[in-house]
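Presented below is the structure to which this report refers.
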Amino acid sequence: MNVNDTEIAWAILQKNGYARTKELDEADVILLVTCSVREKAEQAIWNRLQHLKALKARRQQARLPLRIGILGCMAERLKEEILHREKLVDIVAGPDAYRDLPRLLAVAESGQQAANVLLSLDETYADILPVQTSAGGTTAFVSIMRGCDNMCSYCIVPFTRGRERSRPIASILQEVRMLSDQGVKEVTLLGQNVNSFRDMSEVQFQSAAAPVLSRGFSTVYKAKPGGLRFAHLLDQVSRIDPEMRIRFTSPHPKDFPDEVLQLIQERHNICKQLHLPAQSGSTRVLEAMRRGYTREAYLELVHHVRESIPGVRLSSDFIAGFCGETEEDHQQTLSLLREVRYNVGFLFAYSMRQPSKRSASELCGRNDGNIKVIFPDAEIEDAVGCKALVRAQPGDYVLVKVTSAGSQTLKGVPLCRTSLSRSAACH
Ligand code: SF4
């Protein structure tokens, strides 16, 4: 999605007279397209900004201004922090604000910081033909829908990329035809939930019945009637060029009706490879993740897919160490992996997220106002005025003298262990 977002942002900037350079030293503007799914991805951007800080300082000395922008999900999630931390960043643009980039850059030119993180209910960039970053390449991404309505409990996507919306089929077909004319041999249809595609732009299809979900699957939202669905789109796309391979990612296992499976089986140019993100093999954990299916329903889908598309290759995503996961839950995930025998698996340790970084030698608690307070794990008085020294344990109340404040956390020095009534009195 971020490669495709980069191409969309490029198309918008190119139309507004910007030219691209691959040489960092030549750039007047540097835009970083970011991801927030895991904390590590965000940390990579903070590290990158530290490198750019030195470059920007050199430019300032030479009176050659350099503008730095953060685009995408991290911009959406951490707008305030990005703008305030070291004042390095000039532009912040969320995933639905790329059309606003020329204006944001104009504001930045005048020396002010500029931000737009408004999420849209209908932005699909349908009329913007992305500038392929690998011109002359044989493969291309085509974005068909954006956002997600599923609200899995571990996932930030619905909050950074907004509600689910689909691009009109006509504009998708136009783009695929253009790519075919350019000699592109493989197109990947893209979306957060690519097979939940629902084009509501054609009036005569707006009252169509809601599709049936895969057996045993449910959603947190009400059934969505109307619109042209993924099977229709896949059918149309696959007819454009019999020599062009069609792939799609990333699907949700709930949206694999029989007509989609049948189409994949019948059409020689639709790749016989399905990504079926399971996330866990334990029904208990799946429930905590709010995935909308059980282990049994998932396995039934796998068997049905294999019956419908003989020889299909399967891949999946898994998260290990989700909150509350036990060894037994983990063993169930391993047994699911053995049972399904995927061709490829994307396996991740659950990414704990902290508003701020604290080292192993620091402790963290929350004050009455629910703000995180970080303090050194040092010996403290067991009670006010008490000579005995202790170390704070989980569950203890600690009186902390706050010495500094970040945008989302406070830092301080621990004074003594206390009780709730005493700390309230001290307050
Ligand atoms: S379906 Fe995918 S994108 Fe949507 S909330 Fe769940 S994990 Fe996130």
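Quick note on naming: the chains in the structure tokens go A, B, ... in the order shown, residues restart at 1 in each chain, and ligands are numbered from 1 in order of appearance.
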
Counting only C-alpha atoms and all ligand atoms, what are the residues, protein, DNA or RNA alike, that approach ligand 1 to within 8 Å? I want them as a ChimeraX atom specification.
/A:147-158,192-193,252,291

Would you kindly return, as a PyMOL selection string, each protein, DNA or RNA residue with an atom no farther than 8 Å from any atom of A:Asp96, considering only C-alpha atoms and excluding same-chain residues fewer than 4 positions away?
chain A and resi 117-120+123+161

DSSP strand (DSSP E or B) residues within stretch 295-340 of chain A, as a ChimeraX atom specification:
/A:313-320

Contacts of stretch 75-85 of chain A at 6 Å or less, counting only C-alpha atoms, minus same-chain residues fewer than 3 places along, as a PyMOL selection string?
chain A and resi 70-72+89+92-94+117+160

Tell me, as an MDAnalysis selection string, which residues lie within 12 Å of A:Val305, counting only C-alpha atoms; anything in the same chain fewer than 2 positions away does not count.
chainID A and resid 214:215 253 256:262 264:265 272:276 298:303 307:314 340

Can you tell me which residues surround A:Lys411 at a distance of at most 12 Å, considering only C-alpha atoms, apart from same-chain residues fewer than 5 positions away, and format the answer as a PyMOL selection string?
chain A and resi 356-358+362-367+371-376+400-406

Write a file of the selected residues as an mmCIF file, in the first residue's frame, keeping N, CA, C and O atoms.
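What landed in out-v4.cif:
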data_model
loop_
_atom_site.group_PDB
_atom_site.id
_atom_site.type_symbol
_atom_site.label_atom_id
_atom_site.label_comp_id
_atom_site.auth_asym_id
_atom_site.auth_seq_id
_atom_site.Cartn_x
_atom_site.Cartn_y
_atom_site.Cartn_z
ATOM 1 N N SER A 356 5.824 6.311 24.897
ATOM 2 C CA SER A 356 7.211 6.799 24.982
ATOM 3 C C SER A 356 8.131 5.626 25.206
ATOM 4 O O SER A 356 7.717 4.551 25.591
ATOM 5 N N LYS A 357 9.358 5.856 24.915
ATOM 6 C CA LYS A 357 10.382 4.830 25.144
ATOM 7 C C LYS A 357 10.849 4.891 26.580
ATOM 8 O O LYS A 357 11.077 5.947 27.123
ATOM 9 N N ARG A 358 10.949 3.746 27.214
ATOM 10 C CA ARG A 358 11.623 3.742 28.504
ATOM 11 C C ARG A 358 12.605 2.588 28.486
ATOM 12 O O ARG A 358 12.378 1.566 27.843
ATOM 13 N N GLU A 362 13.987 1.642 33.873
ATOM 14 C CA GLU A 362 12.938 2.584 34.285
ATOM 15 C C GLU A 362 11.619 1.851 34.510
ATOM 16 O O GLU A 362 11.373 0.793 33.944
ATOM 17 N N LEU A 363 10.796 2.439 35.354
ATOM 18 C CA LEU A 363 9.459 1.900 35.601
ATOM 19 C C LEU A 363 8.435 2.890 35.072
ATOM 20 O O LEU A 363 8.726 4.073 34.871
ATOM 21 N N CYS A 364 7.239 2.373 34.878
ATOM 22 C CA CYS A 364 6.201 3.227 34.307
ATOM 23 C C CYS A 364 4.889 3.004 35.046
ATOM 24 O O CYS A 364 4.512 1.865 35.332
ATOM 25 N N GLY A 365 4.208 4.075 35.392
ATOM 26 C CA GLY A 365 2.888 3.972 36.004
ATOM 27 C C GLY A 365 2.003 5.058 35.440
ATOM 28 O O GLY A 365 2.419 5.804 34.555
ATOM 29 N N ARG A 366 0.797 5.145 35.953
ATOM 30 C CA ARG A 366 -0.101 6.204 35.477
ATOM 31 C C ARG A 366 -0.554 7.036 36.662
ATOM 32 O O ARG A 366 -0.816 6.492 37.736
ATOM 33 N N ASN A 367 -0.669 8.319 36.457
ATOM 34 C CA ASN A 367 -1.187 9.164 37.527
ATOM 35 C C ASN A 367 -2.710 9.167 37.497
ATOM 36 O O ASN A 367 -3.327 8.490 36.658
ATOM 37 N N ILE A 371 -2.191 9.776 32.810
ATOM 38 C CA ILE A 371 -0.987 10.103 32.032
ATOM 39 C C ILE A 371 0.150 9.201 32.517
ATOM 40 O O ILE A 371 0.323 8.992 33.718
ATOM 41 N N LYS A 372 0.919 8.673 31.562
ATOM 42 C CA LYS A 372 2.028 7.799 31.937
ATOM 43 C C LYS A 372 3.130 8.598 32.630
ATOM 44 O O LYS A 372 3.478 9.698 32.195
ATOM 45 N N VAL A 373 3.656 8.027 33.697
ATOM 46 C CA VAL A 373 4.758 8.657 34.429
ATOM 47 C C VAL A 373 5.912 7.647 34.462
ATOM 48 O O VAL A 373 5.744 6.523 34.919
ATOM 49 N N ILE A 374 7.055 8.075 33.940
ATOM 50 C CA ILE A 374 8.218 7.190 33.874
ATOM 51 C C ILE A 374 9.246 7.657 34.897
ATOM 52 O O ILE A 374 9.492 8.861 35.029
ATOM 53 N N PHE A 375 9.823 6.696 35.636
ATOM 54 C CA PHE A 375 10.802 7.065 36.657
ATOM 55 C C PHE A 375 11.822 5.938 36.822
ATOM 56 O O PHE A 375 11.536 4.777 36.483
ATOM 57 N N PRO A 376 13.023 6.260 37.313
ATOM 58 C CA PRO A 376 14.073 5.233 37.447
ATOM 59 C C PRO A 376 13.676 4.147 38.450
ATOM 60 O O PRO A 376 13.005 4.438 39.456
ATOM 61 N N VAL A 400 5.890 10.356 43.106
ATOM 62 C CA VAL A 400 6.928 10.726 42.141
ATOM 63 C C VAL A 400 6.970 12.246 42.000
ATOM 64 O O VAL A 400 5.927 12.896 41.856
ATOM 65 N N LYS A 401 8.174 12.798 42.045
ATOM 66 C CA LYS A 401 8.326 14.231 41.773
ATOM 67 C C LYS A 401 8.563 14.390 40.274
ATOM 68 O O LYS A 401 9.578 13.902 39.744
ATOM 69 N N VAL A 402 7.622 15.014 39.604
ATOM 70 C CA VAL A 402 7.725 15.151 38.145
ATOM 71 C C VAL A 402 8.737 16.235 37.806
ATOM 72 O O VAL A 402 8.675 17.352 38.328
ATOM 73 N N THR A 403 9.682 15.872 36.924
ATOM 74 C CA THR A 403 10.754 16.810 36.580
ATOM 75 C C THR A 403 10.714 17.269 35.124
ATOM 76 O O THR A 403 11.332 18.252 34.771
ATOM 77 N N SER A 404 10.025 16.503 34.262
ATOM 78 C CA SER A 404 9.923 16.949 32.871
ATOM 79 C C SER A 404 8.678 16.343 32.241
ATOM 80 O O SER A 404 8.113 15.367 32.754
ATOM 81 N N ALA A 405 8.266 16.950 31.122
ATOM 82 C CA ALA A 405 7.041 16.469 30.466
ATOM 83 C C ALA A 405 7.251 16.384 28.966
ATOM 84 O O ALA A 405 7.835 17.285 28.354
ATOM 85 N N GLY A 406 6.817 15.255 28.370
ATOM 86 C CA GLY A 406 6.770 15.138 26.911
ATOM 87 C C GLY A 406 5.338 15.394 26.475
ATOM 88 O O GLY A 406 4.495 15.787 27.292
#

10 Å contact set for A:Cys386, only C-alpha atoms, chain neighbours under 5 positions out, as an MDAnalysis selection string
chainID A and resid 380:381 416:417

How would the residues just chosen look if you wrote them out with C-alpha atoms as a short mmCIF file (atom, residue, chain, number, x, y, z; two decimals), in the first residue's frame?
data_model
loop_
_atom_site.label_atom_id
_atom_site.label_comp_id
_atom_site.auth_asym_id
_atom_site.auth_seq_id
_atom_site.Cartn_x
_atom_site.Cartn_y
_atom_site.Cartn_z
CA ILE A 380 12.89 4.34 47.60
CA GLU A 381 11.56 4.85 51.14
CA CYS A 416 8.63 6.83 48.36
CA ARG A 417 6.08 4.06 48.29
#

Can you pull out every residue from stretch 74-297 of chain A that DSSP, working from the backbone, puts in helix (DSSP H, G or I), and format the result as a ChimeraX atom specification?
/A:74-84,98-109,157-160,169-181,194-196,203-205,230-240,258-266,283-288,295-297

Contact table stretch 48-151 of chain A vs stretch 18-37 of chain A, cut-off 7 Å, shortest pair per residue, only C-alpha atoms, as JSON lines:
{"residue": "A:Pro65", "atom": "CA", "partner": "A:Asp28", "partner_atom": "CA", "distance": 6.8}
{"residue": "A:Leu66", "atom": "CA", "partner": "A:Asp28", "partner_atom": "CA", "distance": 4.9}
{"residue": "A:Arg67", "atom": "CA", "partner": "A:Val29", "partner_atom": "CA", "distance": 4.7}
{"residue": "A:Ile68", "atom": "CA", "partner": "A:Ile30", "partner_atom": "CA", "distance": 4.9}
{"residue": "A:Gly69", "atom": "CA", "partner": "A:Leu31", "partner_atom": "CA", "distance": 4.5}
{"residue": "A:Ile70", "atom": "CA", "partner": "A:Leu32", "partner_atom": "CA", "distance": 5.0}
{"residue": "A:Leu71", "atom": "CA", "partner": "A:Val33", "partner_atom": "CA", "distance": 4.7}
{"residue": "A:Gly72", "atom": "CA", "partner": "A:Thr34", "partner_atom": "CA", "distance": 5.2}
{"residue": "A:Cys73", "atom": "CA", "partner": "A:Cys35", "partner_atom": "CA", "distance": 5.3}
{"residue": "A:Met74", "atom": "CA", "partner": "A:Ser36", "partner_atom": "CA", "distance": 5.2}

Two-atom distance - atom CA of A:Ala392, atom CA of A:Leu410 (Å):
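Separating atom CA of A:Ala392 from atom CA of A:Leu410 is a distance of 17.6 Å.
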
Measuring between only C-alpha atoms, which one of A:Met289, A:Val176, A:Ile246, A:Ala210 shows the shortest distance to A:His268?
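Among A:Met289, A:Val176, A:Ile246, A:Ala210, it is A:Ile246 that comes nearest to A:His268.
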
One number please: atom CA of A:Arg165 to atom CA of A:Tyr125, in Å, one decimal.
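Between atom CA of A:Arg165 and atom CA of A:Tyr125 the gap works out to 11.0 Å.
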
What does the distance between atom CA of A:Arg247 and atom CA of A:Pro211 come to in Å, to one decimal place?
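Here the two named atoms are 21.7 Å from each other.
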
Restricting the calculation to only C-alpha atoms, which member of A:Ala97, A:Val220, A:Leu228, A:Ile240 is positioned closest to A:Ile8?
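Checking each candidate against A:Ile8, we get A:Ala97 as the closest.
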
Which one is closest to A:Thr124: A:Val142, A:Ala378, A:Leu105, A:Leu49? Count only C-alpha atoms.
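Checking each of A:Val142, A:Ala378, A:Leu105, A:Leu49 against A:Thr124, counting only C-alpha atoms, the winner is A:Val142.
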